[in-house]
file my_file.cif (mmCIF, C-alpha atoms)
data_data
loop_
_atom_site.label_atom_id
_atom_site.label_comp_id
_atom_site.auth_asym_id
_atom_site.auth_seq_id
_atom_site.Cartn_x
_atom_site.Cartn_y
_atom_site.Cartn_z
CA MET L 1 51.56 -14.25 30.06
CA ASN L 2 48.50 -16.53 29.78
CA ALA L 3 45.79 -16.34 27.12
CA ARG L 4 43.31 -14.67 29.42
CA THR L 5 45.74 -11.89 30.40
CA THR L 6 46.64 -11.34 26.78
CA ARG L 7 42.94 -11.06 25.86
CA VAL L 8 42.30 -8.45 28.60
CA LEU L 9 45.28 -6.33 27.56
CA GLN L 10 44.23 -6.47 23.91
CA CYS L 11 40.72 -5.39 24.77
CA SER L 12 41.99 -2.57 26.96
CA ALA L 13 44.04 -1.25 24.07
CA VAL L 14 41.00 -1.31 21.80
CA LEU L 15 38.90 0.49 24.40
CA VAL L 16 41.47 3.26 24.72
CA ALA L 17 41.91 3.57 20.96
CA ALA L 18 38.29 3.40 19.87
CA GLY L 19 36.04 3.75 22.89
CA LEU L 20 33.62 1.35 21.22
CA LEU L 21 33.55 -2.16 22.57
CA THR L 22 30.92 -2.89 25.18
CA ALA L 23 32.84 -5.61 26.94
CA CYS L 24 36.09 -7.50 26.73
CA GLY L 25 34.34 -10.79 27.16
CA SER L 26 35.60 -13.88 25.46
CA SER L 27 34.40 -14.98 22.09
CA ASP L 28 32.41 -18.18 21.99
CA SER L 29 35.65 -20.09 21.45
CA ASP L 30 37.08 -18.52 24.63
CA SER L 31 34.28 -19.71 26.88
CA SER L 32 36.65 -21.98 28.80
CA SER L 33 38.39 -18.94 30.26
CA GLY L 34 35.60 -18.53 32.76
CA GLN L 35 34.93 -14.85 32.08
CA SER L 36 31.38 -13.74 32.73
CA LYS L 37 29.26 -12.79 29.77
CA SER L 38 25.99 -10.90 29.50
CA PRO L 39 23.17 -13.39 29.01
CA SER L 40 21.54 -11.02 26.50
CA PHE L 41 24.52 -9.67 24.57
CA SER L 42 27.07 -12.47 24.39
CA GLY L 43 28.91 -13.98 21.47
CA ARG L 44 31.38 -12.48 19.02
CA GLY L 45 31.83 -13.19 15.37
CA PRO L 46 30.30 -12.39 11.96
CA ILE L 47 26.95 -10.60 11.80
CA THR L 48 24.64 -9.16 9.14
CA PHE L 49 23.15 -5.72 8.63
CA ALA L 50 19.73 -5.73 6.93
CA ALA L 51 18.67 -2.48 5.29
CA ALA L 52 17.25 -0.96 2.15
CA LYS L 53 19.35 -0.95 -0.99
CA ASP L 54 21.92 1.83 -0.69
CA SER L 55 22.28 3.94 -3.83
CA SER L 56 24.75 6.34 -2.22
CA GLY L 57 27.34 3.71 -1.33
CA VAL L 58 27.97 5.31 2.07
CA VAL L 59 26.45 2.43 4.07
CA GLN L 60 28.86 -0.05 2.54
CA ASN L 61 31.75 2.38 3.07
CA VAL L 62 30.99 2.61 6.80
CA ILE L 63 30.63 -1.17 7.02
CA ASP L 64 33.96 -1.57 5.22
CA SER L 65 35.56 0.71 7.80
CA TRP L 66 34.27 -1.54 10.59
CA ASN L 67 35.40 -4.69 8.79
CA THR L 68 38.91 -3.28 8.38
CA GLN L 69 39.16 -2.65 12.12
CA TYR L 70 37.46 -5.88 13.23
CA PRO L 71 38.11 -8.53 10.54
CA LYS L 72 37.11 -11.38 12.87
CA GLU L 73 33.72 -9.76 13.49
CA LYS L 74 32.83 -9.00 9.89
CA VAL L 75 29.52 -7.36 9.00
CA THR L 76 27.77 -8.45 5.80
CA PHE L 77 25.37 -5.95 4.23
CA VAL L 78 22.08 -7.65 3.30
CA GLN L 79 20.35 -5.24 0.91
CA LEU L 80 16.56 -5.40 1.01
CA PRO L 81 14.16 -3.96 -1.61
CA SER L 82 13.89 -0.18 -1.97
CA ASP L 83 10.15 -0.27 -1.29
CA VAL L 84 9.61 0.38 2.41
CA ASN L 85 6.62 -1.96 2.68
CA GLN L 86 8.63 -4.83 1.20
CA GLN L 87 11.49 -4.12 3.62
CA ARG L 88 9.15 -4.36 6.58
CA GLN L 89 7.54 -7.53 5.27
CA GLN L 90 10.87 -9.30 4.80
CA MET L 91 11.97 -8.36 8.30
CA ILE L 92 8.69 -9.66 9.71
CA GLN L 93 8.99 -12.92 7.79
CA ASN L 94 12.52 -13.35 9.13
CA ALA L 95 11.29 -12.77 12.68
CA GLU L 96 8.25 -15.03 12.42
CA THR L 97 10.49 -17.93 11.38
CA LYS L 98 12.94 -17.02 14.17
CA SER L 99 15.73 -16.90 11.64
CA ASP L 100 19.19 -15.60 12.54
CA ALA L 101 19.76 -14.41 8.95
CA TYR L 102 19.36 -10.75 10.00
CA THR L 103 21.33 -9.46 12.99
CA VAL L 104 21.09 -5.66 13.04
CA LEU L 105 17.98 -4.15 11.45
CA TRP L 106 17.80 -0.69 9.89
CA MET L 107 14.18 0.15 10.59
CA ASP L 108 11.81 2.99 9.78
CA VAL L 109 11.18 4.95 12.97
CA VAL L 110 7.49 4.00 12.98
CA TRP L 111 8.16 0.26 13.25
CA THR L 112 9.58 0.29 16.79
CA SER L 113 6.34 -0.35 18.67
CA GLU L 114 5.26 -3.17 16.38
CA PHE L 115 8.59 -5.01 16.47
CA ALA L 116 9.07 -4.50 20.22
CA ALA L 117 5.54 -5.60 21.10
CA HIS L 118 5.99 -8.83 19.14
CA GLN L 119 9.41 -9.40 20.78
CA TRP L 120 11.12 -9.43 17.39
CA ILE L 121 13.83 -7.05 18.66
CA ASP L 122 15.74 -6.89 21.94
CA GLN L 123 15.49 -4.21 24.58
CA LEU L 124 18.77 -2.30 24.52
CA PRO L 125 20.96 -0.90 27.34
CA ALA L 126 20.16 2.81 27.08
CA ASP L 127 23.14 3.82 29.22
CA GLN L 128 25.56 2.49 26.60
CA PHE L 129 24.49 4.96 23.90
CA PRO L 130 24.96 8.79 23.94
CA LEU L 131 21.23 9.49 23.87
CA ASP L 132 21.68 12.70 25.87
CA LYS L 133 23.51 14.21 22.89
CA MET L 134 20.68 13.39 20.49
CA LEU L 135 17.55 15.40 19.75
CA LYS L 136 14.83 14.27 22.16
CA PRO L 137 12.03 13.64 19.59
CA VAL L 138 14.44 11.43 17.65
CA VAL L 139 15.37 9.38 20.73
CA GLU L 140 11.69 8.84 21.54
CA THR L 141 11.16 7.04 18.22
CA GLY L 142 13.35 4.21 19.52
CA LYS L 143 11.34 3.64 22.68
CA TYR L 144 8.44 1.36 23.50
CA ARG L 145 6.71 1.65 26.86
CA GLY L 146 9.58 3.78 28.12
CA ASN L 147 12.35 1.33 27.23
CA LEU L 148 14.91 1.59 24.44
CA TYR L 149 14.53 -0.89 21.58
CA ALA L 150 16.16 1.02 18.71
CA VAL L 151 18.97 3.58 18.46
CA PRO L 152 18.61 6.62 16.18
CA HIS L 153 20.80 6.50 13.09
CA HIS L 154 19.39 9.42 11.15
CA SER L 155 16.30 11.54 11.39
CA ASP L 156 14.24 13.37 8.82
CA GLY L 157 11.83 16.24 8.69
CA GLY L 158 9.69 17.48 5.85
CA VAL L 159 10.59 20.92 4.49
CA LEU L 160 9.27 23.30 1.85
CA TYR L 161 11.46 23.94 -1.18
CA TYR L 162 10.61 27.14 -3.03
CA ARG L 163 11.86 29.20 -5.96
CA THR L 164 13.48 32.28 -4.46
CA ASP L 165 14.13 33.87 -7.86
CA LEU L 166 10.48 33.75 -8.90
CA LEU L 167 9.10 34.88 -5.54
CA LYS L 168 11.49 37.82 -5.53
CA LYS L 169 10.53 38.83 -9.07
CA ALA L 170 6.86 38.66 -8.07
CA GLY L 171 7.53 41.02 -5.14
CA ILE L 172 7.35 38.38 -2.42
CA SER L 173 10.10 38.78 0.17
CA ALA L 174 9.65 35.66 2.33
CA ALA L 175 8.49 32.08 2.13
CA PRO L 176 4.81 31.51 3.01
CA THR L 177 3.98 30.35 6.51
CA THR L 178 0.33 29.41 5.83
CA TRP L 179 -1.46 27.50 3.09
CA ALA L 180 -3.38 30.63 2.14
CA GLU L 181 -0.15 32.62 1.77
CA MET L 182 1.29 29.87 -0.42
CA LYS L 183 -1.71 29.95 -2.75
CA THR L 184 -1.55 33.74 -2.94
CA ALA L 185 2.15 33.60 -3.73
CA CYS L 186 1.50 31.02 -6.44
CA ALA L 187 -1.07 33.25 -8.10
CA LYS L 188 1.39 36.16 -8.19
CA VAL L 189 4.27 34.07 -9.50
CA LYS L 190 2.17 32.49 -12.23
CA LYS L 191 1.53 35.96 -13.67
CA LEU L 192 5.20 36.10 -14.62
CA PRO L 193 5.77 35.12 -18.27
CA GLU L 194 8.41 32.54 -17.34
CA ALA L 195 6.11 30.90 -14.77
CA LYS L 196 2.75 30.79 -16.53
CA ASP L 197 3.04 27.06 -17.30
CA MET L 198 4.38 26.09 -13.87
CA ASP L 199 2.38 24.27 -11.20
CA CYS L 200 2.10 25.56 -7.68
CA TYR L 201 2.75 22.79 -5.18
CA ALA L 202 3.32 19.06 -4.85
CA GLY L 203 4.16 16.48 -2.22
CA GLN L 204 3.88 12.71 -2.21
CA PHE L 205 0.36 11.49 -2.98
CA GLN L 206 0.68 8.05 -4.54
CA LYS L 207 -0.88 5.29 -2.43
CA TYR L 208 2.17 4.32 -0.35
CA GLU L 209 3.84 5.38 2.91
CA GLY L 210 4.52 8.86 1.55
CA LEU L 211 0.78 9.50 1.38
CA THR L 212 0.49 8.53 5.04
CA VAL L 213 3.18 11.12 5.79
CA ASN L 214 1.59 13.91 3.72
CA PHE L 215 -1.88 13.20 5.11
CA ALA L 216 -0.54 13.21 8.67
CA GLU L 217 1.26 16.50 8.08
CA ALA L 218 -1.89 18.13 6.69
CA VAL L 219 -3.98 16.94 9.64
CA ASN L 220 -1.38 17.94 12.23
CA SER L 221 -0.79 21.30 10.53
CA ALA L 222 -4.50 22.06 10.89
CA GLY L 223 -4.48 21.26 14.61
CA GLY L 224 -5.80 17.71 14.31
CA VAL L 225 -4.41 14.30 15.23
CA ILE L 226 -4.72 10.79 13.85
CA THR L 227 -4.32 9.13 17.23
CA ASP L 228 -4.13 10.75 20.65
CA ALA L 229 -1.18 10.45 23.03
CA GLY L 230 -2.41 7.06 24.16
CA GLY L 231 -2.72 5.70 20.63
CA LYS L 232 -6.53 5.99 20.52
CA PRO L 233 -7.89 6.96 17.07
CA ASP L 234 -9.28 10.49 16.96
CA VAL L 235 -9.26 11.48 13.30
CA ASP L 236 -12.98 12.10 12.65
CA THR L 237 -12.81 15.71 13.80
CA PRO L 238 -13.34 19.21 12.33
CA ALA L 239 -9.61 19.97 12.64
CA ALA L 240 -8.61 16.83 10.75
CA LYS L 241 -11.19 17.65 8.07
CA LYS L 242 -9.60 21.08 7.54
CA GLY L 243 -6.28 19.37 6.90
CA LEU L 244 -7.67 16.84 4.44
CA ASP L 245 -9.79 19.54 2.80
CA PHE L 246 -6.63 21.52 2.05
CA LEU L 247 -5.28 18.62 0.00
CA VAL L 248 -8.60 17.77 -1.66
CA ASP L 249 -9.39 21.40 -2.52
CA SER L 250 -5.85 21.95 -3.81
CA PHE L 251 -6.29 19.11 -6.29
CA LYS L 252 -9.64 20.57 -7.34
CA ASP L 253 -8.47 24.16 -7.84
CA GLY L 254 -5.20 23.24 -9.52
CA THR L 255 -2.86 24.27 -6.72
CA ILE L 256 -1.64 20.66 -6.79
CA PRO L 257 -1.35 19.29 -10.34
CA LYS L 258 -3.38 16.16 -11.09
CA ALA L 259 -0.16 14.37 -12.06
CA ALA L 260 0.96 14.60 -8.42
CA ILE L 261 -1.47 11.81 -7.50
CA THR L 262 1.27 9.53 -8.85
CA TYR L 263 4.17 11.28 -7.11
CA GLN L 264 6.56 9.65 -4.72
CA GLU L 265 9.66 11.53 -3.50
CA GLU L 266 11.63 11.20 -6.71
CA GLU L 267 8.86 12.33 -9.05
CA GLY L 268 8.38 15.49 -6.99
CA ARG L 269 12.11 16.15 -6.87
CA GLN L 270 12.44 15.80 -10.62
CA ALA L 271 9.46 18.08 -11.25
CA PHE L 272 10.94 20.78 -9.02
CA GLN L 273 14.44 20.46 -10.46
CA SER L 274 13.16 20.66 -14.02
CA GLY L 275 11.35 23.92 -13.30
CA LYS L 276 7.78 22.61 -13.20
CA LEU L 277 7.01 23.50 -9.57
CA ILE L 278 7.13 26.68 -7.52
CA PHE L 279 6.81 24.86 -4.17
CA LEU L 280 7.65 21.29 -3.15
CA ARG L 281 7.24 19.36 0.08
CA ASN L 282 10.08 16.85 0.37
CA TRP L 283 12.96 15.62 2.54
CA PRO L 284 16.43 17.20 2.97
CA TYR L 285 18.12 14.76 0.58
CA VAL L 286 16.70 16.81 -2.30
CA TYR L 287 18.88 19.81 -1.46
CA SER L 288 22.24 18.52 -2.64
CA LEU L 289 20.70 17.05 -5.79
CA ALA L 290 18.81 20.24 -6.66
CA GLU L 291 22.03 22.18 -6.27
CA LYS L 292 23.36 20.22 -9.24
CA SER L 293 20.30 20.92 -11.41
CA LYS L 294 18.94 23.79 -13.51
CA VAL L 295 17.45 25.44 -10.38
CA ALA L 296 20.81 25.62 -8.58
CA GLY L 297 21.10 28.93 -6.74
CA LYS L 298 17.44 29.69 -7.39
CA PHE L 299 15.77 27.96 -4.46
CA ALA L 300 15.74 27.84 -0.68
CA VAL L 301 14.19 25.80 2.12
CA ALA L 302 11.59 26.85 4.69
CA PRO L 303 9.40 25.17 7.32
CA LEU L 304 6.22 23.59 6.02
CA PRO L 305 3.23 25.97 6.00
CA GLY L 306 0.05 25.16 7.91
CA LEU L 307 -3.50 26.38 8.38
CA GLY L 308 -2.81 29.32 10.67
CA GLY L 309 0.98 29.41 10.76
CA ALA L 310 3.99 27.14 10.41
CA GLY L 311 2.94 23.54 9.89
CA SER L 312 4.11 20.31 11.47
CA SER L 313 6.30 17.76 9.75
CA SER L 314 5.96 14.04 10.22
CA LEU L 315 9.04 12.66 11.90
CA GLY L 316 11.01 10.47 9.52
CA GLY L 317 14.29 8.64 9.70
CA HIS L 318 15.71 5.23 10.53
CA ASN L 319 16.90 3.53 13.70
CA VAL L 320 18.97 0.40 14.24
CA ALA L 321 17.65 -2.50 16.27
CA LEU L 322 18.91 -5.94 17.28
CA SER L 323 17.01 -9.03 16.14
CA SER L 324 15.92 -11.20 19.05
CA PHE L 325 16.94 -14.28 17.09
CA ALA L 326 20.46 -13.18 16.11
CA LYS L 327 23.79 -14.68 17.08
CA ASN L 328 26.94 -12.82 18.18
CA LYS L 329 25.01 -10.09 19.97
CA ALA L 330 28.08 -8.62 21.70
CA THR L 331 29.52 -7.85 18.27
CA ALA L 332 26.14 -6.55 17.13
CA LEU L 333 25.89 -4.13 20.03
CA ASP L 334 29.37 -2.76 19.33
CA PHE L 335 28.60 -2.35 15.64
CA MET L 336 25.42 -0.46 16.53
CA LYS L 337 27.52 1.94 18.61
CA PHE L 338 29.94 2.37 15.73
CA PHE L 339 27.23 2.84 13.12
CA THR L 340 25.27 5.39 15.19
CA SER L 341 28.24 7.36 16.53
CA GLU L 342 28.52 11.11 16.02
CA ALA L 343 31.42 10.55 13.62
CA SER L 344 29.30 8.20 11.51
CA ALA L 345 26.41 10.66 11.60
CA ALA L 346 28.68 13.38 10.20
CA THR L 347 29.76 11.02 7.42
CA PHE L 348 26.16 10.22 6.49
CA LEU L 349 25.30 13.92 6.49
CA LYS L 350 28.20 14.83 4.21
CA ASP L 351 28.01 11.86 1.86
CA ALA L 352 24.27 11.12 1.75
CA SER L 353 22.47 14.24 3.11
CA MET L 354 21.01 12.19 5.98
CA ALA L 355 19.79 14.29 8.89
CA PRO L 356 21.92 13.50 11.98
CA PRO L 357 20.33 12.70 15.35
CA TYR L 358 23.03 14.73 17.16
CA GLY L 359 22.07 18.32 18.00
CA SER L 360 25.66 19.60 17.86
CA LEU L 361 25.97 18.91 14.13
CA TYR L 362 23.11 21.30 13.37
CA ASP L 363 24.96 24.08 15.20
CA ASP L 364 28.34 23.50 13.56
CA GLN L 365 28.87 26.68 11.55
CA ALA L 366 31.15 24.98 9.04
CA LEU L 367 28.40 22.47 8.30
CA VAL L 368 25.72 25.17 8.19
CA LYS L 369 27.77 27.04 5.60
CA GLN L 370 27.94 23.89 3.51
CA TYR L 371 24.33 22.85 4.18
CA PRO L 372 22.27 26.04 4.72
CA TYR L 373 19.08 24.06 5.34
CA LEU L 374 20.34 22.61 8.65
CA PRO L 375 18.74 25.25 10.96
CA VAL L 376 15.37 24.81 9.20
CA LEU L 377 15.72 21.05 9.37
CA LYS L 378 16.51 21.10 13.08
CA LYS L 379 13.42 23.21 13.73
CA SER L 380 11.36 20.83 11.60
CA ILE L 381 12.54 17.80 13.56
CA LEU L 382 12.07 19.40 16.98
CA ASN L 383 8.50 20.39 16.06
CA ALA L 384 7.70 17.19 14.19
CA VAL L 385 4.79 14.95 15.12
CA PRO L 386 5.33 11.18 15.04
CA ARG L 387 3.09 9.12 12.80
CA PRO L 388 0.71 6.90 14.80
CA ARG L 389 2.83 4.91 17.25
CA VAL L 390 0.66 1.83 17.28
CA VAL L 391 1.47 -1.87 17.41
CA GLN L 392 -0.45 -2.64 14.19
CA TYR L 393 1.25 0.16 12.28
CA GLY L 394 1.10 -1.60 8.91
CA ASP L 395 -2.69 -1.91 9.14
CA ALA L 396 -3.04 1.69 10.30
CA SER L 397 -0.90 3.07 7.47
CA SER L 398 -2.77 1.01 4.87
CA ALA L 399 -6.10 2.35 6.14
CA ILE L 400 -4.82 5.93 6.00
CA GLN L 401 -3.58 5.46 2.45
CA GLN L 402 -6.83 3.92 1.28
CA GLU L 403 -9.10 6.61 2.72
CA ALA L 404 -6.89 9.60 1.91
CA TYR L 405 -6.42 8.39 -1.67
CA ALA L 406 -10.18 7.96 -2.07
CA ALA L 407 -10.73 11.56 -0.93
CA LEU L 408 -8.02 12.98 -3.18
CA ASN L 409 -9.46 11.13 -6.17
CA GLY L 410 -12.97 12.36 -5.44
CA ASP L 411 -14.30 8.88 -4.71
CA LYS L 412 -15.32 9.97 -1.21
CA SER L 413 -15.94 13.25 0.56
CA SER L 414 -13.40 14.31 3.18
CA ALA L 415 -16.03 13.77 5.87
CA GLN L 416 -16.84 10.23 4.73
CA ALA L 417 -13.17 9.31 4.31
CA LEU L 418 -12.37 10.43 7.85
CA LYS L 419 -15.39 8.63 9.27
CA ASP L 420 -14.36 5.42 7.53
CA LEU L 421 -10.75 5.90 8.62
CA GLN L 422 -11.81 6.33 12.24
CA SER L 423 -13.70 3.06 12.04
CA ALA L 424 -10.79 1.22 10.41
CA LEU L 425 -8.29 2.50 12.97
CA GLN L 426 -10.55 1.52 15.86
CA LYS L 427 -10.87 -1.98 14.40
CA SER L 428 -7.11 -2.25 13.99
CA ALA L 429 -6.47 -1.02 17.54
CA ALA L 430 -8.85 -3.65 18.93
CA GLN L 431 -6.91 -6.54 17.38
#
call {"tool": "encode", "arguments": {"input": "my_file.cif", "output": "structure tokens"}}
result
Amino acid sequence: MNARTTRVLQCSAVLVAAGLLTACGSSDSDSSSGQSKSPSFSGRGPITFAAAKDSSGVVQNVIDSWNTQYPKEKVTFVQLPSDVNQQRQQMIQNAETKSDAYTVLWMDVVWTSEFAAHQWIDQLPADQFPLDKMLKPVVETGKYRGNLYAVPHHSDGGVLYYRTDLLKKAGISAAPTTWAEMKTACAKVKKLPEAKDMDCYAGQFQKYEGLTVNFAEAVNSAGGVITDAGGKPDVDTPAAKKGLDFLVDSFKDGTIPKAAITYQEEEGRQAFQSGKLIFLRNWPYVYSLAEKSKVAGKFAVAPLPGLGGAGSSSLGGHNVALSSFAKNKATALDFMKFFTSEASAATFLKDASMAPPYGSLYDDQALVKQYPYLPVLKKSILNAVPRPRVVQYGDASSAIQQEAYAALNGDKSSAQALKDLQSALQKSAAQ
């Protein structure tokens, strides 16, 4: 039996056992065998995975599982800063120098257009990933001009955490569906002796990406948009003003505590868990942590409220993409399949409360029993509105943060902030 025949039989066995490998092509050292290789996804050997620092440990566990199965194609986890803006900047710097230091990139869903337009990531073979089993809005985050450039790893949708025990005691039988209902509920709850010192509501309002998310949700939940379907700025509108006014007025009337101007996700979570908040806008990861706190068994999750009914979440999450400048792309493509598989998604849900892209996991009754928020989360994701899908996303997000923060602090009126934001977004789009 010659070396080539042995290689084919070995690859066939792996395909049957794992159903993962994209091709049984030779490694670079086997090039003399004459087997054809994809010009875009050739080469096998060690690769890197660049992502934010992982506090849960689950990312490294999944990578270790791959490395055990494929020791000659080892993946090294390159942990980037926790700050999302710093992550993006390091990935851009790596791309601008055409470095092969990063192979597979774990990217925020809003970066796809920017990285694809600059040819920093490769177009991917859509038919090699089970996209038909994933939620459609999640799949769309990985596309640019109709082509696939990133594969969904996990999604995210904003939800409303609320104190069921206090609402019940105040005679309120259901979570609010509108902003007005939420304020009315707060007023009733705060009449209770045990709630008189509590604050009503908080989200993420520090000047960072979380403010972009909360601003976008307020605008969308009032019927407005930041950019239209074609990416054209359209934020200086009466509908958008109603959304921003909700946030500004809530800071003025005390619905949102002044301290929340400094809140990122963790500050809001800690305030809710410690009994300081009646309502909190945050991501699903909070659920499992709150269940281990003093409010365990005393809270539930509902869709975000809006102006005239249920609001709209911004679509969060992360996708995996392949650096255009990487080596060993055949290995990289197989690792991306492994890392984004339904089995991996279930692991990330169970071990890190990450929202899976696969619709079937939301309907698994055993999982729903363990994670009661899954039906609400699925609805949130399906109804979510993407943040502006523009090539110059970093500039757009910075402009949103600057103007929204100025309005929340009272440095500008809502009308002036939106007018200035419209101008800044138009300038960015023209670049």
call {"tool": "closest_residue", "arguments": {"input": "my_file.cif", "among": "L:Val385, L:Ala117, L:Ala170, L:Leu148", "to": "Glu194 in chain L", "atoms": "only C-alpha atoms"}}
result
L:Ala170
call {"tool": "resolve_selection", "arguments": {"input": "my_file.cif", "expression": "the PyMOL selection byres ((chain L and resi 59) around 12)", "output": "MDAnalysis selection string"}}
result
chainID L and resid 49:58 60:66 75:79 106 153 339:340 344:345 347:349 351:352 354
call {"tool": "write_last_selection", "arguments": {"input": "my_file.cif", "atoms": "C-alpha atoms", "output": "PDB file, in the coordinates of the input"}}
result
ATOM      1  CA  PHE L  49      23.150  -5.720   8.630  1.00  0.00           C
ATOM      2  CA  ALA L  50      19.730  -5.730   6.930  1.00  0.00           C
ATOM      3  CA  ALA L  51      18.670  -2.480   5.290  1.00  0.00           C
ATOM      4  CA  ALA L  52      17.250  -0.960   2.150  1.00  0.00           C
ATOM      5  CA  LYS L  53      19.350  -0.950  -0.990  1.00  0.00           C
ATOM      6  CA  ASP L  54      21.920   1.830  -0.690  1.00  0.00           C
ATOM      7  CA  SER L  55      22.280   3.940  -3.830  1.00  0.00           C
ATOM      8  CA  SER L  56      24.750   6.340  -2.220  1.00  0.00           C
ATOM      9  CA  GLY L  57      27.340   3.710  -1.330  1.00  0.00           C
ATOM     10  CA  VAL L  58      27.970   5.310   2.070  1.00  0.00           C
ATOM     11  CA  GLN L  60      28.860  -0.050   2.540  1.00  0.00           C
ATOM     12  CA  ASN L  61      31.750   2.380   3.070  1.00  0.00           C
ATOM     13  CA  VAL L  62      30.990   2.610   6.800  1.00  0.00           C
ATOM     14  CA  ILE L  63      30.630  -1.170   7.020  1.00  0.00           C
ATOM     15  CA  ASP L  64      33.960  -1.570   5.220  1.00  0.00           C
ATOM     16  CA  SER L  65      35.560   0.710   7.800  1.00  0.00           C
ATOM     17  CA  TRP L  66      34.270  -1.540  10.590  1.00  0.00           C
ATOM     18  CA  VAL L  75      29.520  -7.360   9.000  1.00  0.00           C
ATOM     19  CA  THR L  76      27.770  -8.450   5.800  1.00  0.00           C
ATOM     20  CA  PHE L  77      25.370  -5.950   4.230  1.00  0.00           C
ATOM     21  CA  VAL L  78      22.080  -7.650   3.300  1.00  0.00           C
ATOM     22  CA  GLN L  79      20.350  -5.240   0.910  1.00  0.00           C
ATOM     23  CA  TRP L 106      17.800  -0.690   9.890  1.00  0.00           C
ATOM     24  CA  HIS L 153      20.800   6.500  13.090  1.00  0.00           C
ATOM     25  CA  PHE L 339      27.230   2.840  13.120  1.00  0.00           C
ATOM     26  CA  THR L 340      25.270   5.390  15.190  1.00  0.00           C
ATOM     27  CA  SER L 344      29.300   8.200  11.510  1.00  0.00           C
ATOM     28  CA  ALA L 345      26.410  10.660  11.600  1.00  0.00           C
ATOM     29  CA  THR L 347      29.760  11.020   7.420  1.00  0.00           C
ATOM     30  CA  PHE L 348      26.160  10.220   6.490  1.00  0.00           C
ATOM     31  CA  LEU L 349      25.300  13.920   6.490  1.00  0.00           C
ATOM     32  CA  ASP L 351      28.010  11.860   1.860  1.00  0.00           C
ATOM     33  CA  ALA L 352      24.270  11.120   1.750  1.00  0.00           C
ATOM     34  CA  MET L 354      21.010  12.190   5.980  1.00  0.00           C
TER      35      MET L 354
END
call {"tool": "resolve_selection", "arguments": {"input": "my_file.cif", "expression": "the PyMOL selection byres ((chain L and resi 280-292) around 6)", "output": "PyMOL selection string"}}
result
chain L and resi 158-161+201-203+273+279+293+296+353
call {"tool": "residues_around", "arguments": {"input": "my_file.cif", "residues": "Ile261 in chain L", "least_positions_apart": "6", "cutoff": "9 Å", "atoms": "only C-alpha atoms", "output": "mmCIF file with C-alpha atoms, in the coordinates of the input"}}
result
data_model
loop_
_atom_site.group_PDB
_atom_site.id
_atom_site.type_symbol
_atom_site.label_atom_id
_atom_site.label_comp_id
_atom_site.auth_asym_id
_atom_site.auth_seq_id
_atom_site.Cartn_x
_atom_site.Cartn_y
_atom_site.Cartn_z
ATOM 1 C CA GLN L 204 3.880 12.710 -2.210
ATOM 2 C CA PHE L 205 0.360 11.490 -2.980
ATOM 3 C CA GLN L 206 0.680 8.050 -4.540
ATOM 4 C CA LYS L 207 -0.880 5.290 -2.430
ATOM 5 C CA PHE L 251 -6.290 19.110 -6.290
ATOM 6 C CA TYR L 405 -6.420 8.390 -1.670
ATOM 7 C CA LEU L 408 -8.020 12.980 -3.180
ATOM 8 C CA ASN L 409 -9.460 11.130 -6.170
#
call {"tool": "resolve_selection", "arguments": {"input": "my_file.cif", "expression": "the PyMOL selection byres ((chain L and resi 303-316) around 7)", "output": "PyMOL selection string"}}
result
chain L and resi 109+155-160+176-179+213+216-217+220-222+302+317+376+380-381+383-387
call {"tool": "atom_distance", "arguments": {"input": "my_file.cif", "atom1": "CA of Tyr149 in chain L", "atom2": "CA of Lys232 in chain L"}}
result
22.2 Å
call {"tool": "closest_residue", "arguments": {"input": "my_file.cif", "among": "L:Ala116, L:Val139, L:Ala101, L:Leu192", "to": "Pro46 in chain L", "atoms": "only C-alpha atoms"}}
result
L:Ala101
call {"tool": "atom_distance", "arguments": {"input": "my_file.cif", "atom1": "CA of Ala185 in chain L", "atom2": "CA of Lys242 in chain L"}}
result
20.5 Å
call {"tool": "residues_around", "arguments": {"input": "my_file.cif", "residues": "Leu333 in chain L", "least_positions_apart": "5", "cutoff": "12 Å", "atoms": "all atoms listed in the file", "output": "PyMOL selection string"}}
result
chain L and resi 20-23+38+40-45+47+49+73+103-105+122-126+128-129+149-151+320-323+326-328+338-340
call {"tool": "atom_distance", "arguments": {"input": "my_file.cif", "atom1": "CA of Pro356 in chain L", "atom2": "CA of Glu265 in chain L"}}
result
19.8 Å
call {"tool": "axis_aligned_box", "arguments": {"input": "my_file.cif", "around": "range 246-257 of chain L", "padding_each_side": "3 Å", "output": "AutoDock Vina command-line options"}}
result
--center_x -5.5 --center_y 21.0 --center_z -4.1 --size_x 14.3 --size_y 12.5 --size_z 18.4
call {"tool": "closest_residue", "arguments": {"input": "my_file.cif", "among": "L:Asp83, L:Asp100, L:Glu266, L:Asp108", "to": "His318 in chain L", "atoms": "only C-alpha atoms"}}
result
L:Asp108
call {"tool": "closest_residue", "arguments": {"input": "my_file.cif", "among": "L:Val110, L:Leu167, L:Ala229, L:Ile256", "to": "Val189 in chain L", "atoms": "all atoms listed in the file"}}
result
L:Leu167
call {"tool": "closest_residue", "arguments": {"input": "my_file.cif", "among": "L:Ala415, L:Thr227, L:Tyr102, L:Ala399", "to": "Ala332 in chain L", "atoms": "only C-alpha atoms"}}
result
L:Tyr102
